[in-house]
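**Q** Next up, upload.csv (CSV, C-alpha atoms).
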```csv
chain,number,residue,atom,x,y,z
A,1,MET,CA,-82.9,-189.5,56.9
A,2,SER,CA,-80.2,-190.9,54.6
A,3,ASN,CA,-81.0,-194.4,55.7
A,4,THR,CA,-84.4,-194.2,54.2
A,5,MET,CA,-83.8,-191.9,51.2
A,6,ASP,CA,-83.1,-194.6,48.6
A,7,GLY,CA,-86.1,-196.7,49.6
A,8,ILE,CA,-88.5,-193.8,49.6
A,9,LEU,CA,-87.3,-192.5,46.2
A,10,SER,CA,-87.3,-195.9,44.6
A,11,ARG,CA,-90.8,-196.8,45.8
A,12,ALA,CA,-92.5,-193.5,45.3
A,13,ARG,CA,-94.9,-193.5,42.4
A,14,PHE,CA,-95.1,-190.2,40.6
A,15,ASN,CA,-98.0,-189.3,38.4
A,16,ALA,CA,-97.9,-188.6,34.6
A,17,GLU,CA,-96.6,-185.0,35.4
A,18,GLY,CA,-93.8,-186.4,37.5
A,19,LEU,CA,-95.4,-185.3,40.8
A,20,ILE,CA,-96.6,-186.9,44.0
A,21,PRO,CA,-99.0,-185.2,46.5
A,22,ALA,CA,-97.4,-184.5,49.9
A,23,VAL,CA,-99.5,-184.2,53.1
A,24,VAL,CA,-97.6,-182.2,55.7
A,25,GLN,CA,-98.5,-182.9,59.3
A,26,ASP,CA,-97.3,-181.4,62.6
A,27,ALA,CA,-95.4,-184.2,64.3
A,28,ARG,CA,-96.5,-183.0,67.7
A,29,THR,CA,-100.1,-182.0,67.3
A,30,ARG,CA,-100.9,-184.4,64.4
A,31,GLU,CA,-102.8,-181.6,62.7
A,32,VAL,CA,-102.5,-181.4,58.9
A,33,LEU,CA,-100.7,-178.2,58.0
A,34,THR,CA,-100.8,-178.2,54.2
A,35,VAL,CA,-100.9,-180.3,51.0
A,36,ALA,CA,-98.4,-179.6,48.3
A,37,TYR,CA,-96.7,-181.5,45.5
A,38,MET,CA,-93.2,-182.9,45.1
A,39,ASN,CA,-91.2,-184.0,42.0
A,40,GLU,CA,-88.3,-186.4,42.4
A,41,GLU,CA,-85.9,-183.6,43.0
A,42,ALA,CA,-88.0,-182.0,45.7
A,43,LEU,CA,-88.5,-185.3,47.5
A,44,GLY,CA,-84.8,-186.1,47.3
A,45,ARG,CA,-83.8,-182.7,48.6
A,46,THR,CA,-86.3,-183.1,51.5
A,47,LEU,CA,-84.8,-186.4,52.4
A,48,GLU,CA,-81.3,-185.1,52.1
A,49,THR,CA,-81.6,-181.8,54.0
A,50,GLY,CA,-84.2,-182.7,56.6
A,51,GLU,CA,-86.3,-179.6,55.5
A,52,THR,CA,-89.3,-179.6,53.2
A,53,HIS,CA,-88.9,-178.8,49.5
A,54,PHE,CA,-91.8,-178.7,47.1
A,55,TRP,CA,-92.6,-178.3,43.4
A,56,SER,CA,-94.6,-175.2,42.6
A,57,ARG,CA,-97.0,-176.0,39.8
A,58,SER,CA,-97.9,-172.4,39.2
A,59,ARG,CA,-94.3,-171.1,39.0
A,60,GLN,CA,-92.9,-174.4,37.6
A,61,GLN,CA,-89.9,-174.4,40.0
A,62,LEU,CA,-88.6,-176.0,43.1
A,63,TRP,CA,-89.1,-174.1,46.3
A,64,HIS,CA,-87.7,-174.6,49.8
A,65,LYS,CA,-90.3,-173.9,52.5
A,66,GLY,CA,-89.1,-171.1,54.7
A,67,GLU,CA,-86.4,-169.8,52.4
A,68,THR,CA,-87.9,-166.4,52.2
A,69,SER,CA,-90.2,-166.3,55.2
A,70,GLY,CA,-88.0,-168.1,57.7
A,71,ASN,CA,-90.9,-170.5,58.4
A,72,PHE,CA,-88.9,-173.7,57.8
A,73,GLN,CA,-90.3,-177.2,58.4
A,74,LYS,CA,-87.9,-179.6,60.1
A,75,VAL,CA,-88.7,-183.1,58.9
A,76,ARG,CA,-89.2,-185.8,61.6
A,77,GLY,CA,-90.6,-188.6,59.4
A,78,ILE,CA,-91.6,-189.5,55.9
A,79,ARG,CA,-93.9,-192.3,54.9
A,80,LEU,CA,-95.5,-193.4,51.7
A,81,ASP,CA,-99.1,-194.5,51.6
A,82,CYS,CA,-100.1,-198.1,50.8
A,83,ASP,CA,-100.0,-197.5,47.1
A,84,SER,CA,-96.8,-195.4,47.3
A,85,ASP,CA,-98.5,-192.6,45.3
A,86,ALA,CA,-98.8,-190.1,48.2
A,87,VAL,CA,-96.3,-189.1,50.9
A,88,LEU,CA,-96.9,-188.1,54.5
A,89,ILE,CA,-94.3,-185.8,55.9
A,90,GLU,CA,-94.2,-185.2,59.7
A,91,VAL,CA,-92.5,-181.9,60.6
A,92,GLU,CA,-91.7,-179.6,63.4
A,93,PRO,CA,-92.9,-176.2,61.9
A,94,LEU,CA,-90.8,-173.2,62.7
A,95,GLY,CA,-93.6,-170.8,62.0
A,96,PRO,CA,-96.9,-170.7,60.1
A,97,ALA,CA,-97.4,-173.2,57.3
A,98,CYS,CA,-99.8,-171.1,55.3
A,99,HIS,CA,-98.9,-168.2,53.1
A,100,THR,CA,-101.6,-166.2,54.9
A,101,GLY,CA,-99.7,-166.4,58.1
A,102,ALA,CA,-102.0,-169.1,59.6
A,103,TYR,CA,-100.6,-172.1,61.5
A,104,SER,CA,-102.4,-174.4,59.0
A,105,CYS,CA,-103.9,-174.0,55.5
A,106,PHE,CA,-107.0,-175.7,56.9
A,107,GLY,CA,-107.9,-173.2,59.6
A,108,VAL,CA,-106.9,-175.2,62.6
A,109,GLU,CA,-104.7,-173.9,65.4
A,110,PRO,CA,-102.2,-175.7,67.6
A,111,GLY,CA,-102.8,-176.3,71.4
A,112,PHE,CA,-100.9,-174.3,74.0
A,113,ASN,CA,-98.1,-176.8,74.4
A,114,ALA,CA,-97.4,-176.9,70.7
A,115,THR,CA,-97.6,-173.1,70.5
A,116,PHE,CA,-95.1,-172.8,73.3
A,117,GLU,CA,-92.7,-175.3,71.7
A,118,GLN,CA,-93.0,-173.6,68.3
A,119,LEU,CA,-92.2,-170.2,69.9
A,120,TYR,CA,-89.1,-171.7,71.5
A,121,GLU,CA,-88.0,-173.2,68.2
A,122,LEU,CA,-88.6,-170.0,66.3
A,123,ILE,CA,-86.6,-168.0,68.9
A,124,GLU,CA,-83.8,-170.7,68.6
A,125,GLN,CA,-83.8,-170.1,64.9
A,126,ARG,CA,-83.7,-166.3,65.3
A,127,LYS,CA,-80.6,-166.7,67.6
A,128,GLU,CA,-78.9,-168.9,65.0
A,129,LYS,CA,-79.9,-167.0,61.8
A,130,ARG,CA,-80.0,-163.4,63.2
A,131,PRO,CA,-82.3,-162.0,60.5
A,132,GLU,CA,-82.1,-158.3,60.0
A,133,GLY,CA,-84.9,-156.1,61.4
A,134,SER,CA,-86.0,-158.8,64.0
A,135,TYR,CA,-86.6,-157.6,67.6
A,136,THR,CA,-85.4,-161.0,68.8
A,137,THR,CA,-82.2,-160.6,66.9
A,138,ARG,CA,-81.6,-157.2,68.6
A,139,LEU,CA,-82.1,-158.8,72.0
A,140,PHE,CA,-79.6,-161.6,71.3
A,141,ASP,CA,-77.1,-159.1,69.8
A,142,ALA,CA,-77.5,-156.9,73.0
A,143,GLY,CA,-76.6,-159.9,75.2
A,144,ILE,CA,-77.8,-161.4,78.5
A,145,ASP,CA,-77.8,-158.2,80.5
A,146,LYS,CA,-80.4,-156.6,78.1
A,147,ILE,CA,-82.4,-159.8,77.9
A,148,VAL,CA,-82.8,-160.2,81.6
A,149,GLN,CA,-83.5,-156.4,81.9
A,150,LYS,CA,-86.4,-156.8,79.6
A,151,LEU,CA,-87.6,-160.0,81.4
A,152,GLY,CA,-87.6,-158.1,84.6
A,153,GLU,CA,-89.5,-155.2,83.1
A,154,GLU,CA,-92.2,-157.5,81.7
A,155,ALA,CA,-92.5,-159.3,85.0
A,156,VAL,CA,-93.2,-156.0,86.8
A,157,GLU,CA,-95.7,-155.0,84.1
A,158,THR,CA,-97.5,-158.3,84.5
A,159,VAL,CA,-97.8,-157.8,88.3
A,160,ILE,CA,-99.1,-154.3,87.8
A,161,ALA,CA,-101.6,-155.5,85.2
A,162,ALA,CA,-102.8,-158.4,87.5
A,163,LYS,CA,-103.4,-155.9,90.3
A,164,ASN,CA,-104.9,-153.0,88.4
A,165,ASP,CA,-106.0,-153.8,84.9
A,166,SER,CA,-108.5,-155.7,82.8
A,167,THR,CA,-108.2,-159.4,81.9
A,168,GLU,CA,-107.2,-158.3,78.3
A,169,ARG,CA,-104.3,-156.4,79.6
A,170,ILE,CA,-103.2,-159.3,81.9
A,171,VAL,CA,-103.2,-161.6,78.8
A,172,GLU,CA,-101.1,-159.1,76.8
A,173,GLU,CA,-98.5,-158.6,79.6
A,174,THR,CA,-98.3,-162.3,80.3
A,175,SER,CA,-97.7,-163.1,76.7
A,176,ASP,CA,-94.8,-160.5,76.7
A,177,LEU,CA,-93.4,-162.1,79.8
A,178,LEU,CA,-93.5,-165.6,78.4
A,179,TYR,CA,-91.8,-164.5,75.2
A,180,HIS,CA,-89.0,-162.8,77.1
A,181,LEU,CA,-88.7,-165.8,79.4
A,182,ILE,CA,-88.2,-168.1,76.4
A,183,VAL,CA,-85.6,-165.7,74.9
A,184,THR,CA,-83.7,-166.0,78.3
A,185,LEU,CA,-84.0,-169.8,78.3
A,186,VAL,CA,-82.6,-170.0,74.7
A,187,GLU,CA,-79.8,-167.6,75.5
A,188,LYS,CA,-78.8,-169.7,78.5
A,189,GLY,CA,-79.2,-173.0,76.6
A,190,VAL,CA,-82.1,-174.3,78.9
A,191,THR,CA,-84.6,-176.5,77.1
A,192,LEU,CA,-88.3,-176.8,77.7
A,193,GLU,CA,-87.8,-180.5,78.4
A,194,GLU,CA,-85.5,-179.6,81.3
A,195,ILE,CA,-88.2,-177.4,82.7
A,196,ARG,CA,-90.8,-180.1,82.2
A,197,GLN,CA,-88.7,-182.7,84.0
A,198,GLU,CA,-88.1,-180.3,86.9
A,199,LEU,CA,-91.8,-179.6,87.2
A,200,ILE,CA,-92.5,-183.4,87.2
A,201,LYS,CA,-90.0,-183.8,90.1
A,202,ARG,CA,-91.9,-181.2,92.1
A,203,ARG,CA,-95.3,-182.8,91.7
A,204,LYS,CA,-96.7,-184.2,94.9
A,205,VAL,CA,-97.4,-187.9,95.0
```
Could you render the structure from this file as C-alpha cells?

**A**
Amino acid sequence: MSNTMDGILSRARFNAEGLIPAVVQDARTREVLTVAYMNEEALGRTLETGETHFWSRSRQQLWHKGETSGNFQKVRGIRLDCDSDAVLIEVEPLGPACHTGAYSCFGVEPGFNATFEQLYELIEQRKEKRPEGSYTTRLFDAGIDKIVQKLGEEAVETVIAAKNDSTERIVEETSDLLYHLIVTLVEKGVTLEEIRQELIKRRKV
C-alpha cells in the first residue's frame, strides 16, 4: 500500500467540504458493499494501515470500520476514477458491511464461496483478537481437544438429521458442522486454498 499512497493522495480531488466519495467493493464477489466519504486523513489512514477509515458527516469525526463491531475491511486495492474525484476501494470484508448487520448496504448477498471465505477470515480474526463473550473465543481458549470434540458431535448430529429429520434440520446441522470444521482448520493452520488444491488433484480427468 505504501508504494501508492503518495500518488493517490496527491491526485485525489476533494470537494469543497474536503471530502471524496468512496465506493467500497468486495474484492472477491465484486459486489458493492457501501458508499461512504473520506477526508484526506481518512484516505491516508486507509492507505497506511490497509484497513478502511472514513469521515462521518453526521458525527464530524474519523471512524475506523470495525473498530467497535469487529467487522474490519482489509484493503486489497484502491483506485481513483477518471476525474480523480471518487475512489474505489476493493476489500476483503471480515463481517457485514452495513450497520444493520447485512452483508451489503444495497441488499445483495454474497455467493456460497465468498460466504465460506468470509467465515474463515472471521474465525481467523476471532482467534487473533479473542473478543470477550465470543463462542469462537471460548473454543480457541479451550484448545484442540475441545474443538475436535465439538466437531465430532456436530458430525454425528448431521448424520442423525440426514437419516431422521426434515430438510430444515439437515441445513441447520450442516451449518453447525461446517462452522466447527473451519474452526478446526484455523486452529491447525490449514487454509481453504490448500483444501481447494487437494480437491483439484482428486478430480478425474

**Q** So which residues touch Gly107 of chain A within 12 Å, counting all atoms listed in the file, skipping near sequence neighbours fewer than 5 positions away, as an NGL selection string?

**A** :A and (31-34 or 96-98 or 100-102)

**Q** I need the residues from that last selection saved to file as a PDB file, keeping the file's coordinate frame (with C-alpha atoms), if you can.

**A**
```
ATOM      1  CA  GLU A  31    -102.800-181.600  62.700  1.00  0.00           C
ATOM      2  CA  VAL A  32    -102.500-181.400  58.900  1.00  0.00           C
ATOM      3  CA  LEU A  33    -100.700-178.200  58.000  1.00  0.00           C
ATOM      4  CA  THR A  34    -100.800-178.200  54.200  1.00  0.00           C
ATOM      5  CA  PRO A  96     -96.900-170.700  60.100  1.00  0.00           C
ATOM      6  CA  ALA A  97     -97.400-173.200  57.300  1.00  0.00           C
ATOM      7  CA  CYS A  98     -99.800-171.100  55.300  1.00  0.00           C
ATOM      8  CA  THR A 100    -101.600-166.200  54.900  1.00  0.00           C
ATOM      9  CA  GLY A 101     -99.700-166.400  58.100  1.00  0.00           C
ATOM     10  CA  ALA A 102    -102.000-169.100  59.600  1.00  0.00           C
TER      11      ALA A 102
END
```

**Q** List the neighbours of segment 69-85 of chain A out to 9 Å using all atoms listed in the file; skip same-chain residues closer than 2 positions along the sequence, and give me the result as an mmCIF file with C-alpha atoms, in the frame of the given file.

**A**
```cif
data_model
loop_
_atom_site.group_PDB
_atom_site.id
_atom_site.type_symbol
_atom_site.label_atom_id
_atom_site.label_comp_id
_atom_site.auth_asym_id
_atom_site.auth_seq_id
_atom_site.Cartn_x
_atom_site.Cartn_y
_atom_site.Cartn_z
ATOM 1 C CA MET A 1 -82.900 -189.500 56.900
ATOM 2 C CA THR A 4 -84.400 -194.200 54.200
ATOM 3 C CA ILE A 8 -88.500 -193.800 49.600
ATOM 4 C CA ARG A 11 -90.800 -196.800 45.800
ATOM 5 C CA ALA A 12 -92.500 -193.500 45.300
ATOM 6 C CA ARG A 13 -94.900 -193.500 42.400
ATOM 7 C CA PHE A 14 -95.100 -190.200 40.600
ATOM 8 C CA ASN A 15 -98.000 -189.300 38.400
ATOM 9 C CA ILE A 20 -96.600 -186.900 44.000
ATOM 10 C CA PRO A 21 -99.000 -185.200 46.500
ATOM 11 C CA ALA A 27 -95.400 -184.200 64.300
ATOM 12 C CA THR A 46 -86.300 -183.100 51.500
ATOM 13 C CA LEU A 47 -84.800 -186.400 52.400
ATOM 14 C CA THR A 49 -81.600 -181.800 54.000
ATOM 15 C CA GLY A 50 -84.200 -182.700 56.600
ATOM 16 C CA GLU A 51 -86.300 -179.600 55.500
ATOM 17 C CA THR A 52 -89.300 -179.600 53.200
ATOM 18 C CA HIS A 64 -87.700 -174.600 49.800
ATOM 19 C CA LYS A 65 -90.300 -173.900 52.500
ATOM 20 C CA GLY A 66 -89.100 -171.100 54.700
ATOM 21 C CA GLU A 67 -86.400 -169.800 52.400
ATOM 22 C CA VAL A 87 -96.300 -189.100 50.900
ATOM 23 C CA LEU A 88 -96.900 -188.100 54.500
ATOM 24 C CA ILE A 89 -94.300 -185.800 55.900
ATOM 25 C CA GLU A 90 -94.200 -185.200 59.700
ATOM 26 C CA VAL A 91 -92.500 -181.900 60.600
ATOM 27 C CA GLU A 92 -91.700 -179.600 63.400
ATOM 28 C CA PRO A 93 -92.900 -176.200 61.900
ATOM 29 C CA LEU A 94 -90.800 -173.200 62.700
ATOM 30 C CA GLY A 95 -93.600 -170.800 62.000
ATOM 31 C CA PRO A 96 -96.900 -170.700 60.100
ATOM 32 C CA ALA A 97 -97.400 -173.200 57.300
ATOM 33 C CA LEU A 122 -88.600 -170.000 66.300
ATOM 34 C CA GLN A 125 -83.800 -170.100 64.900
ATOM 35 C CA ARG A 126 -83.700 -166.300 65.300
ATOM 36 C CA PRO A 131 -82.300 -162.000 60.500
#
```

**Q** Extract, using all atoms listed in the file, all DNA, RNA and protein residues at most 10 Å from segment 137-142 of chain A, discarding same-chain residues fewer than 5 positions from it, and format them as a PyMOL selection string.

**A** chain A and resi 123+125-132+147-148+150+180+183-184+186-187

**Q** Identify which of the residues A:Val23, A:Thr191, A:Asp165, A:Tyr37 lies closest to Ser58 of chain A, counting only C-alpha atoms when measuring atom-to-atom distances.

**A**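 Ranking A:Val23, A:Thr191, A:Asp165, A:Tyr37 by distance to Ser58 of chain A, first place goes to A:Tyr37.
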
**Q** Could you state the separation of atom CA of Gly111 of chain A and atom CA of Ala22 of chain A in Å, given to one decimal place?

**A**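 So the two atoms, atom CA of Gly111 of chain A and atom CA of Ala22 of chain A, lie 23.6 Å apart.
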
**Q** Between A:Glu173, A:Tyr179, A:Thr167, A:His99, which one has atoms that come closest to Thr68 of chain A, using only C-alpha atoms?

**A**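 Looking only at the distances to Thr68 of chain A, the closest residue turns out to be A:His99.
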
**Q** Between atom CA of Gln60 of chain A and atom CA of Asn39 of chain A, what distance in Å does the model show, to one decimal?

**A**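 Between these atoms lies a distance of 10.7 Å.
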
**Q** With distances taken over all atoms listed in the file, which residue among A:Lys204, A:His53, A:Arg196, A:Arg30 lies nearest Val108 of chain A?

**A** A:Arg30

**Q** How many Å lie between atom CA of Thr29 of chain A and atom CA of Val190 of chain A, rounded to one decimal?

**A**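 Taking atom CA of Thr29 of chain A and atom CA of Val190 of chain A, their separation equals 22.8 Å.
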
**Q** Could you give me, as a list in words, the residues within 12 Å of Phe112 of chain A, counting all atoms listed in the file and dropping anything in the same chain fewer than 6 positions from it?

**A**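 Contacts, in chain order: Arg28, Thr29, Gln118, Leu119 and Ser175 of chain A.
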
**Q** Now that the selection is made, can you save its residues with C-alpha atoms as a tab-separated table (two decimals), keeping the file's coordinate frame?

**A**
```
chain	number	residue	atom	x	y	z
A	28	ARG	CA	-96.50	-183.00	67.70
A	29	THR	CA	-100.10	-182.00	67.30
A	118	GLN	CA	-93.00	-173.60	68.30
A	119	LEU	CA	-92.20	-170.20	69.90
A	175	SER	CA	-97.70	-163.10	76.70
```

**Q** Could you check which of A:Ala86, A:Ala155, A:Asp26, A:Leu185 is closest to Met38 of chain A, using only C-alpha atoms?

**A**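 Closest to Met38 of chain A of all the choices is A:Ala86.
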
**Q** For Ala36 of chain A, which residue out of A:Gly143, A:Ala161, A:Glu48, A:Trp55 is the nearest one, using all atoms listed in the file?

**A**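 Comparing A:Gly143, A:Ala161, A:Glu48, A:Trp55 against Ala36 of chain A, the winner is A:Trp55.
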